[in-house]
>>> print(open('input07.txt').read())   # compact mmCIF, C-alpha atoms
# COMPACT_ATOMS: atom_id res chain seq x y z
CA MET A 1 13.01 9.57 5.80
CA ASN A 2 11.07 12.39 7.45
CA LYS A 3 9.13 11.86 10.68
CA ALA A 4 5.69 11.64 9.08
CA HIS A 5 6.91 9.09 6.54
CA ALA A 6 8.60 7.02 9.25
CA LEU A 7 5.43 7.07 11.37
CA MET A 8 3.30 6.06 8.38
CA VAL A 9 5.56 3.10 7.55
CA LYS A 10 5.85 1.97 11.18
CA THR A 11 2.08 2.16 11.71
CA ASN A 12 1.37 0.20 8.52
CA HIS A 13 3.79 -2.55 9.48
CA TYR A 14 2.28 -2.80 12.96
CA LEU A 15 -1.28 -3.07 11.64
CA ILE A 16 -0.40 -5.56 8.89
CA LYS A 17 1.14 -7.80 11.55
CA GLY A 18 -2.14 -7.78 13.45
CA GLY A 19 -1.34 -5.09 15.97
CA GLU A 20 -4.20 -3.26 17.64
CA LEU A 21 -4.14 0.42 18.57
CA THR A 22 -5.98 2.07 21.43
CA GLU A 23 -8.09 5.14 20.74
CA GLU A 24 -5.39 7.17 22.49
CA HIS A 25 -2.74 5.83 20.14
CA LYS A 26 -4.93 6.58 17.12
CA LEU A 27 -5.46 10.13 18.36
CA THR A 28 -1.72 10.64 18.86
CA ILE A 29 -0.91 9.34 15.38
CA THR A 30 -3.66 11.47 13.86
CA LYS A 31 -2.36 14.63 15.54
CA ARG A 32 1.20 13.98 14.40
CA LEU A 33 0.17 13.28 10.82
CA LEU A 34 -2.10 16.30 10.65
CA ALA A 35 0.72 18.48 11.98
CA ALA A 36 2.85 17.33 9.02
CA LYS A 37 0.33 18.54 6.43
CA THR A 38 1.80 20.69 3.67
CA THR A 39 0.59 24.27 3.42
CA PRO A 40 -0.63 25.56 0.02
CA GLU A 41 2.37 27.88 -0.13
CA GLN A 42 4.77 25.00 0.48
CA ALA A 43 3.09 23.00 -2.28
CA ARG A 44 3.34 25.94 -4.70
CA ARG A 45 7.04 26.38 -3.99
CA ARG A 46 7.64 22.68 -4.56
CA PHE A 47 5.91 22.64 -7.94
CA THR A 48 6.58 26.06 -9.46
CA LYS A 49 7.45 24.52 -12.85
CA ILE A 50 4.51 22.11 -13.06
CA ALA A 51 1.11 23.34 -14.20
CA GLY A 52 -2.20 22.16 -15.60
CA SER A 53 -3.08 18.49 -15.74
CA GLU A 54 0.54 17.53 -15.03
CA ARG A 55 0.25 19.13 -11.59
CA ASP A 56 -2.54 16.74 -10.59
CA MET A 57 -0.14 13.83 -10.92
CA TYR A 58 1.37 14.98 -7.61
CA PRO A 59 -0.09 15.54 -4.12
CA TYR A 60 -1.45 18.74 -2.65
CA SER A 61 -1.92 17.87 1.03
CA TYR A 62 1.26 15.91 1.78
CA VAL A 63 4.15 17.00 -0.39
CA LEU A 64 7.66 15.73 0.15
CA PRO A 65 10.20 18.56 0.30
CA TYR A 66 13.06 18.44 -2.17
CA ASN A 67 15.93 16.58 -0.55
CA GLY A 68 18.57 16.33 -3.22
CA GLY A 69 16.31 14.12 -5.30
CA GLU A 70 16.03 11.47 -2.58
CA LYS A 71 12.83 9.44 -2.82
CA PRO A 72 11.49 7.72 0.33
CA VAL A 73 10.64 4.04 -0.01
CA THR A 74 7.18 2.53 -0.04
CA ILE A 75 5.84 0.46 2.86
CA PHE A 76 7.39 -2.65 1.25
CA ASN A 77 10.72 -0.84 0.92
CA GLN A 78 10.47 -0.40 -2.82
CA LEU A 79 12.82 2.39 -3.88
CA PRO A 80 10.87 4.54 -6.37
CA LYS A 81 12.55 5.75 -9.50
CA THR A 82 10.01 8.54 -9.99
CA GLN A 83 8.41 11.26 -7.88
CA ILE A 84 5.01 10.07 -9.11
CA LEU A 85 5.29 6.86 -7.09
CA SER A 86 7.27 8.32 -4.20
CA MET A 87 5.02 11.31 -3.56
CA ASN A 88 1.70 9.59 -4.16
CA SER A 89 2.70 6.72 -1.91
CA TYR A 90 3.56 9.23 0.81
CA GLU A 91 0.29 11.15 0.59
CA LEU A 92 -2.15 8.33 -0.08
CA GLU A 93 -0.80 6.07 2.66
CA ILE A 94 -0.98 8.93 5.18
CA LEU A 95 -4.51 9.89 4.15
CA ARG A 96 -5.56 6.26 4.33
CA LEU A 97 -4.47 6.08 7.98
CA LEU A 98 -6.16 9.38 8.78
CA CYS A 99 -9.39 8.10 7.23
CA LEU A 100 -9.20 4.94 9.33
CA PHE A 101 -8.40 6.73 12.57
CA ALA A 102 -10.40 9.96 12.21
CA PRO A 103 -13.06 9.48 9.51
CA ASP A 104 -15.30 12.22 10.88
CA ASN A 105 -12.58 14.85 11.21
CA PRO A 106 -13.60 17.73 8.86
CA GLU A 107 -10.00 18.39 7.82
CA VAL A 108 -9.47 14.72 6.97
CA ARG A 109 -12.73 14.56 5.02
CA ASP A 110 -11.79 17.64 2.99
CA MET A 111 -8.33 16.26 2.15
CA VAL A 112 -9.75 12.89 1.15
CA ALA A 113 -12.38 14.50 -1.10
CA GLN A 114 -9.80 16.78 -2.71
CA THR A 115 -7.45 13.85 -3.26
CA GLN A 116 -10.13 11.63 -4.76
CA ALA A 117 -10.99 14.45 -7.20
CA ARG A 118 -7.29 14.85 -8.04
CA LEU A 119 -6.86 11.13 -8.68
CA ARG A 120 -9.80 11.21 -11.10
CA ARG A 121 -7.75 13.64 -13.19
CA THR A 122 -4.71 11.37 -13.39
CA CYS A 123 -3.95 8.43 -15.65
CA PHE A 124 -2.94 6.07 -12.84
CA GLY A 125 -5.73 7.00 -10.42
CA ASN A 126 -8.74 7.09 -12.69
CA ARG A 127 -8.92 3.60 -14.17
CA GLY A 128 -5.26 2.70 -13.80
CA CYS A 129 -2.23 2.89 -16.07
CA GLY A 130 0.24 0.19 -17.10
CA THR A 131 3.14 2.49 -17.91
CA GLY A 132 6.23 2.54 -15.67
CA GLU A 133 5.66 3.47 -12.04
CA CYS A 134 2.19 4.82 -12.81
CA TYR A 135 1.28 1.13 -12.54
CA ASP A 136 2.63 0.99 -8.98
CA ALA A 137 0.97 4.31 -8.11
CA GLY A 138 -2.29 2.77 -9.29
CA LEU A 139 -1.94 0.05 -6.67
CA VAL A 140 -1.35 2.66 -3.97
CA THR A 141 -4.51 4.34 -5.22
CA LEU A 142 -6.41 1.05 -5.02
CA ARG A 143 -5.41 0.62 -1.38
CA PHE A 144 -6.40 4.22 -0.67
CA LEU A 145 -9.82 3.59 -2.24
CA SER A 146 -10.35 0.46 -0.14
CA ALA A 147 -10.41 2.72 2.92
CA THR A 148 -11.89 5.94 1.54
CA ALA A 149 -14.35 4.72 -1.12
CA PRO A 150 -15.11 1.03 -0.48
CA GLY A 151 -18.60 1.44 -1.93
CA ASN A 152 -17.38 2.77 -5.27
CA LYS A 153 -17.20 -0.63 -6.90
CA SER A 154 -16.95 0.74 -10.42
CA TRP A 155 -13.80 2.71 -9.62
CA ILE A 156 -12.23 -0.15 -7.67
CA SER A 157 -13.08 -2.74 -10.32
CA GLY A 158 -11.52 -0.56 -13.00
CA MET A 159 -8.27 -0.41 -11.04
CA ILE A 160 -8.32 -4.20 -10.60
CA ASP A 161 -8.90 -4.72 -14.32
CA THR A 162 -5.82 -2.60 -15.07
CA TYR A 163 -3.72 -4.59 -12.59
CA ASN A 164 -4.71 -7.85 -14.27
CA ALA A 165 -4.19 -6.46 -17.76
CA TYR A 166 -0.54 -5.55 -17.13
CA ALA A 167 0.73 -7.78 -14.30
CA GLY A 168 1.99 -10.52 -16.61
CA LYS A 169 3.81 -8.00 -18.79
CA ARG A 170 5.87 -6.39 -16.04
CA LYS A 171 9.61 -6.90 -16.21
CA HIS A 172 11.61 -7.99 -13.18
CA SER A 173 14.07 -5.38 -11.98
CA LYS A 174 17.43 -5.46 -10.31
CA TYR A 175 15.71 -4.76 -6.99
CA TYR A 176 14.10 -8.20 -6.88
CA ARG A 177 16.17 -10.43 -4.61
CA TYR A 178 14.31 -13.72 -4.83
CA ASP A 179 11.21 -15.38 -6.24
CA TYR A 180 7.92 -13.76 -5.32
CA SER A 181 9.64 -10.49 -4.42
CA ARG A 182 7.76 -8.56 -7.09
CA TYR A 183 6.64 -5.41 -5.36
CA TYR A 184 3.45 -5.08 -7.36
CA THR A 185 2.36 -8.63 -6.48
CA TRP A 186 2.78 -8.13 -2.76
CA TYR A 187 1.07 -4.76 -2.85
CA TYR A 188 -1.85 -6.22 -4.75
CA TRP A 189 -2.19 -9.05 -2.26
CA LEU A 190 -2.15 -6.46 0.51
CA CYS A 191 -4.99 -4.66 -1.27
CA LEU A 192 -6.95 -7.90 -1.55
CA SER A 193 -6.63 -8.41 2.20
CA GLU A 194 -8.46 -5.11 2.75
CA LEU A 195 -10.90 -4.61 -0.13
CA PRO A 196 -14.62 -5.42 0.32
CA TYR A 197 -14.88 -9.20 0.33
CA ASP A 198 -17.32 -9.49 -2.56
CA ILE A 199 -14.77 -7.74 -4.78
CA ALA A 200 -11.70 -9.41 -3.31
CA GLU A 201 -12.90 -13.03 -3.20
CA PRO A 202 -12.66 -13.89 -6.93
CA GLU A 203 -9.22 -12.29 -7.10
CA ILE A 204 -8.00 -14.16 -4.02
CA LEU A 205 -9.23 -17.41 -5.53
CA LYS A 206 -7.35 -16.57 -8.72
CA HIS A 207 -4.10 -16.13 -6.77
CA LYS A 208 -4.76 -18.85 -4.18
CA ASP A 209 -2.40 -21.49 -5.56
CA GLU A 210 0.49 -19.07 -5.84
CA MET A 211 -0.15 -17.78 -2.33
CA LEU A 212 -0.20 -21.30 -0.91
CA THR A 213 3.07 -22.11 -2.66
CA VAL A 214 4.73 -19.05 -1.14
CA ALA A 215 3.30 -19.84 2.29
CA LYS A 216 4.54 -23.45 2.23
CA ASN A 217 7.97 -22.75 0.73
CA GLY A 218 8.60 -19.71 2.86
CA MET A 219 10.76 -16.72 2.06
CA ALA A 220 14.53 -16.55 2.28
CA VAL A 221 16.10 -14.30 4.91
CA LYS A 222 19.44 -13.09 3.62
CA THR A 223 19.67 -9.47 4.75
CA GLU A 224 18.64 -7.25 7.65
CA GLU A 225 15.94 -5.86 5.37
CA ASP A 226 14.60 -9.38 4.80
CA LYS A 227 14.31 -9.92 8.56
CA ILE A 228 11.92 -6.96 8.72
CA LEU A 229 10.00 -7.31 5.48
CA ALA A 230 9.65 -11.07 4.99
CA PRO A 231 7.38 -11.51 8.05
CA ILE A 232 5.33 -8.46 7.03
CA LYS A 233 4.83 -9.84 3.53
CA LEU A 234 3.75 -13.22 4.91
CA PHE A 235 1.35 -11.50 7.31
CA ALA A 236 -0.15 -9.68 4.31
CA LEU A 237 -0.46 -13.01 2.48
CA LYS A 238 -1.97 -14.69 5.55
CA ASN A 239 -4.45 -11.84 6.04
CA CYS A 240 -5.46 -12.24 2.42
CA ILE A 241 -5.89 -16.00 2.06
CA SER A 242 -7.45 -16.42 5.52
CA ARG A 243 -10.45 -14.48 4.23
CA LEU A 244 -11.42 -17.65 2.36
CA PRO A 245 -13.61 -19.89 4.59
CA LEU A 246 -11.44 -22.97 3.89
CA TYR A 247 -8.37 -21.20 5.31
CA ALA A 248 -10.04 -19.17 8.06
CA ASN A 249 -7.88 -20.91 10.72
CA LEU A 250 -4.85 -19.16 9.28
CA LYS A 251 -6.02 -15.98 11.00
CA ASN A 252 -4.52 -17.30 14.23
CA VAL A 253 -1.24 -18.52 12.70
CA ARG A 254 1.89 -16.41 12.98
CA PRO A 255 4.81 -16.76 10.56
CA ILE A 256 7.61 -18.99 11.85
CA GLU A 257 11.02 -17.36 11.65
CA ASN A 258 14.54 -18.78 11.79
CA ASP A 259 17.95 -17.62 10.61
CA ARG A 260 17.33 -18.67 7.02
CA GLN A 261 13.65 -18.29 6.22
CA VAL A 262 10.17 -17.25 7.25
CA TYR A 263 7.20 -19.50 6.49
CA LEU A 264 3.66 -20.40 7.53
CA GLU A 265 2.78 -23.75 9.11
CA MET A 266 -0.01 -24.63 6.73
CA SER A 267 -1.13 -27.74 8.63
CA GLU A 268 -2.63 -25.36 11.16
CA ALA A 269 -5.01 -24.08 8.50
CA LEU A 270 -6.63 -27.43 7.69
>>> encode(input="input07.txt", output="structure tokens")
Amino acid sequence: MNKAHALMVKTNHYLIKGGELTEEHKLTITKRLLAAKTTPEQARRRFTKIAGSERDMYPYSYVLPYNGGEKPVTIFNQLPKTQILSMNSYELEILRLLCLFAPDNPEVRDMVAQTQARLRRTCFGNRGCGTGECYDAGLVTLRFLSATAPGNKSWISGMIDTYNAYAGKRKHSKYYRYDYSRYYTWYYWLCLSELPYDIAEPEILKHKDEMLTVAKNGMAVKTEEDKILAPIKLFALKNCISRLPLYANLKNVRPIENDRQVYLEMSEAL
């Protein structure tokens, strides 16, 4: 994990758990992420054998250097099998933070515009794709759009339609440790916690019963990874469902943790 990737993951986890950053902290993070930007020459060296429309499947501004084929994990610790998911997750999550922290920075604006244009030329970023990890990359794109193009409802709605069209057809993988550990489900719920409410509300209502079941039953804590990620996932769920007026009190509820599980005390929400 390089320093920019580690900072991106750490910052995401902090914000999902309700952390607040001072303007000084935002400025520091922005400077560090901008300093990690890939130069055009570095990008060319990384992709000398990829040309044309295939090249647009990969980032231009934040390109992971070749490291023996190692692929950094996503913010939910999903280990990508492809560079399409690994690299796009790296760039789009960084650019999302930069847009949130420095929306008027000319360099940030240029990178965001270039990246949006690139995504329009990809299968996963245009209206979504249900094939392999392009499906997961589409969810990363959806989260990116929630910060950089929240008013583009046509684009966002198209990505949501693709999620719904393929979610029930996805196969569980060996990486899933327990029920409700589907990476795409958690990432989608994270997106719903951040998308414009008029778009998110009908989708949250659609998933409400499943979310409430997860919240009440809790999540098993079996590994050191679970100790870190289970609370973050429940925070994402809480942030999502608490957008509904009936469950608004959940905004002030923190997940309860013990040696075996993490759960939400739902009585506090009613």
>>> residues_around(input="input07.txt", residues="Leu212 of chain A", least_positions_apart="3", cutoff="10 Å", atoms="all atoms listed in the file", output="ChimeraX atom specification")
/A:207-209,215-218,237-238,241,264,266
>>> write_last_selection(input="input07.txt", atoms="C-alpha atoms", output="PDB file, keeping the file's coordinate frame")
ATOM      1  CA  HIS A 207      -4.100 -16.130  -6.770  1.00  0.00           C
ATOM      2  CA  LYS A 208      -4.760 -18.850  -4.180  1.00  0.00           C
ATOM      3  CA  ASP A 209      -2.400 -21.490  -5.560  1.00  0.00           C
ATOM      4  CA  ALA A 215       3.300 -19.840   2.290  1.00  0.00           C
ATOM      5  CA  LYS A 216       4.540 -23.450   2.230  1.00  0.00           C
ATOM      6  CA  ASN A 217       7.970 -22.750   0.730  1.00  0.00           C
ATOM      7  CA  GLY A 218       8.600 -19.710   2.860  1.00  0.00           C
ATOM      8  CA  LEU A 237      -0.460 -13.010   2.480  1.00  0.00           C
ATOM      9  CA  LYS A 238      -1.970 -14.690   5.550  1.00  0.00           C
ATOM     10  CA  ILE A 241      -5.890 -16.000   2.060  1.00  0.00           C
ATOM     11  CA  LEU A 264       3.660 -20.400   7.530  1.00  0.00           C
ATOM     12  CA  MET A 266      -0.010 -24.630   6.730  1.00  0.00           C
TER      13      MET A 266
END
>>> residues_around(input="input07.txt", residues="segment 74-81 of chain A", least_positions_apart="4", cutoff="9 Å", atoms="all atoms listed in the file", output="ChimeraX atom specification")
/A:8-10,12-13,85-86,89-90,93,133,175,183,186-187,225,229,232-233
>>> residues_near_point(input="input07.txt", point="(0.8, -1.2, -15.8)", cutoff="10 Å", atoms="all atoms listed in the file", output="ChimeraX atom specification")
/A:124,128-139,162-170,184
>>> residues_around(input="input07.txt", residues="segment 193-204 of chain A", least_positions_apart="3", cutoff="9 Å", atoms="only C-alpha atoms", output="VMD selection string")
chain A and resid 142 to 143 145 to 147 150 to 151 153 156 to 157 160 188 to 190 207 to 208 211 236 to 244
>>> residues_around(input="input07.txt", residues="Lys26 of chain A", least_positions_apart="4", cutoff="9 Å", atoms="all atoms listed in the file", output="list in words")
Leu21, Thr22, Thr30, Lys31, Leu98, Phe101 and Ala102 of chain A
>>> residues_near_point(input="input07.txt", point="(5.0, -16.2, 8.9)", cutoff="8 Å", atoms="all atoms listed in the file", output="VMD selection string")
chain A and resid 215 218 230 to 232 234 to 235 238 253 to 257 262 to 265
>>> atom_distance(input="input07.txt", atom1="atom CA of Arg118 of chain A", atom2="atom CA of Ala6 of chain A")
24.8 Å
>>> atom_distance(input="input07.txt", atom1="atom CA of Val63 of chain A", atom2="atom CA of Thr28 of chain A")
21.1 Å
>>> residues_around(input="input07.txt", residues="Met57 of chain A", least_positions_apart="6", cutoff="8 Å", atoms="only C-alpha atoms", output="list in words")
Ile84, Arg118, Leu119, Arg121 and Thr122 of chain A
>>> atom_distance(input="input07.txt", atom1="atom CA of Tyr62 of chain A", atom2="atom CA of Phe47 of chain A")
12.7 Å
>>> closest_residue(input="input07.txt", among="A:Asn126, A:Asn258, A:Asn252, A:Thr115", to="Asp226 of chain A", atoms="all atoms listed in the file")
A:Asn258
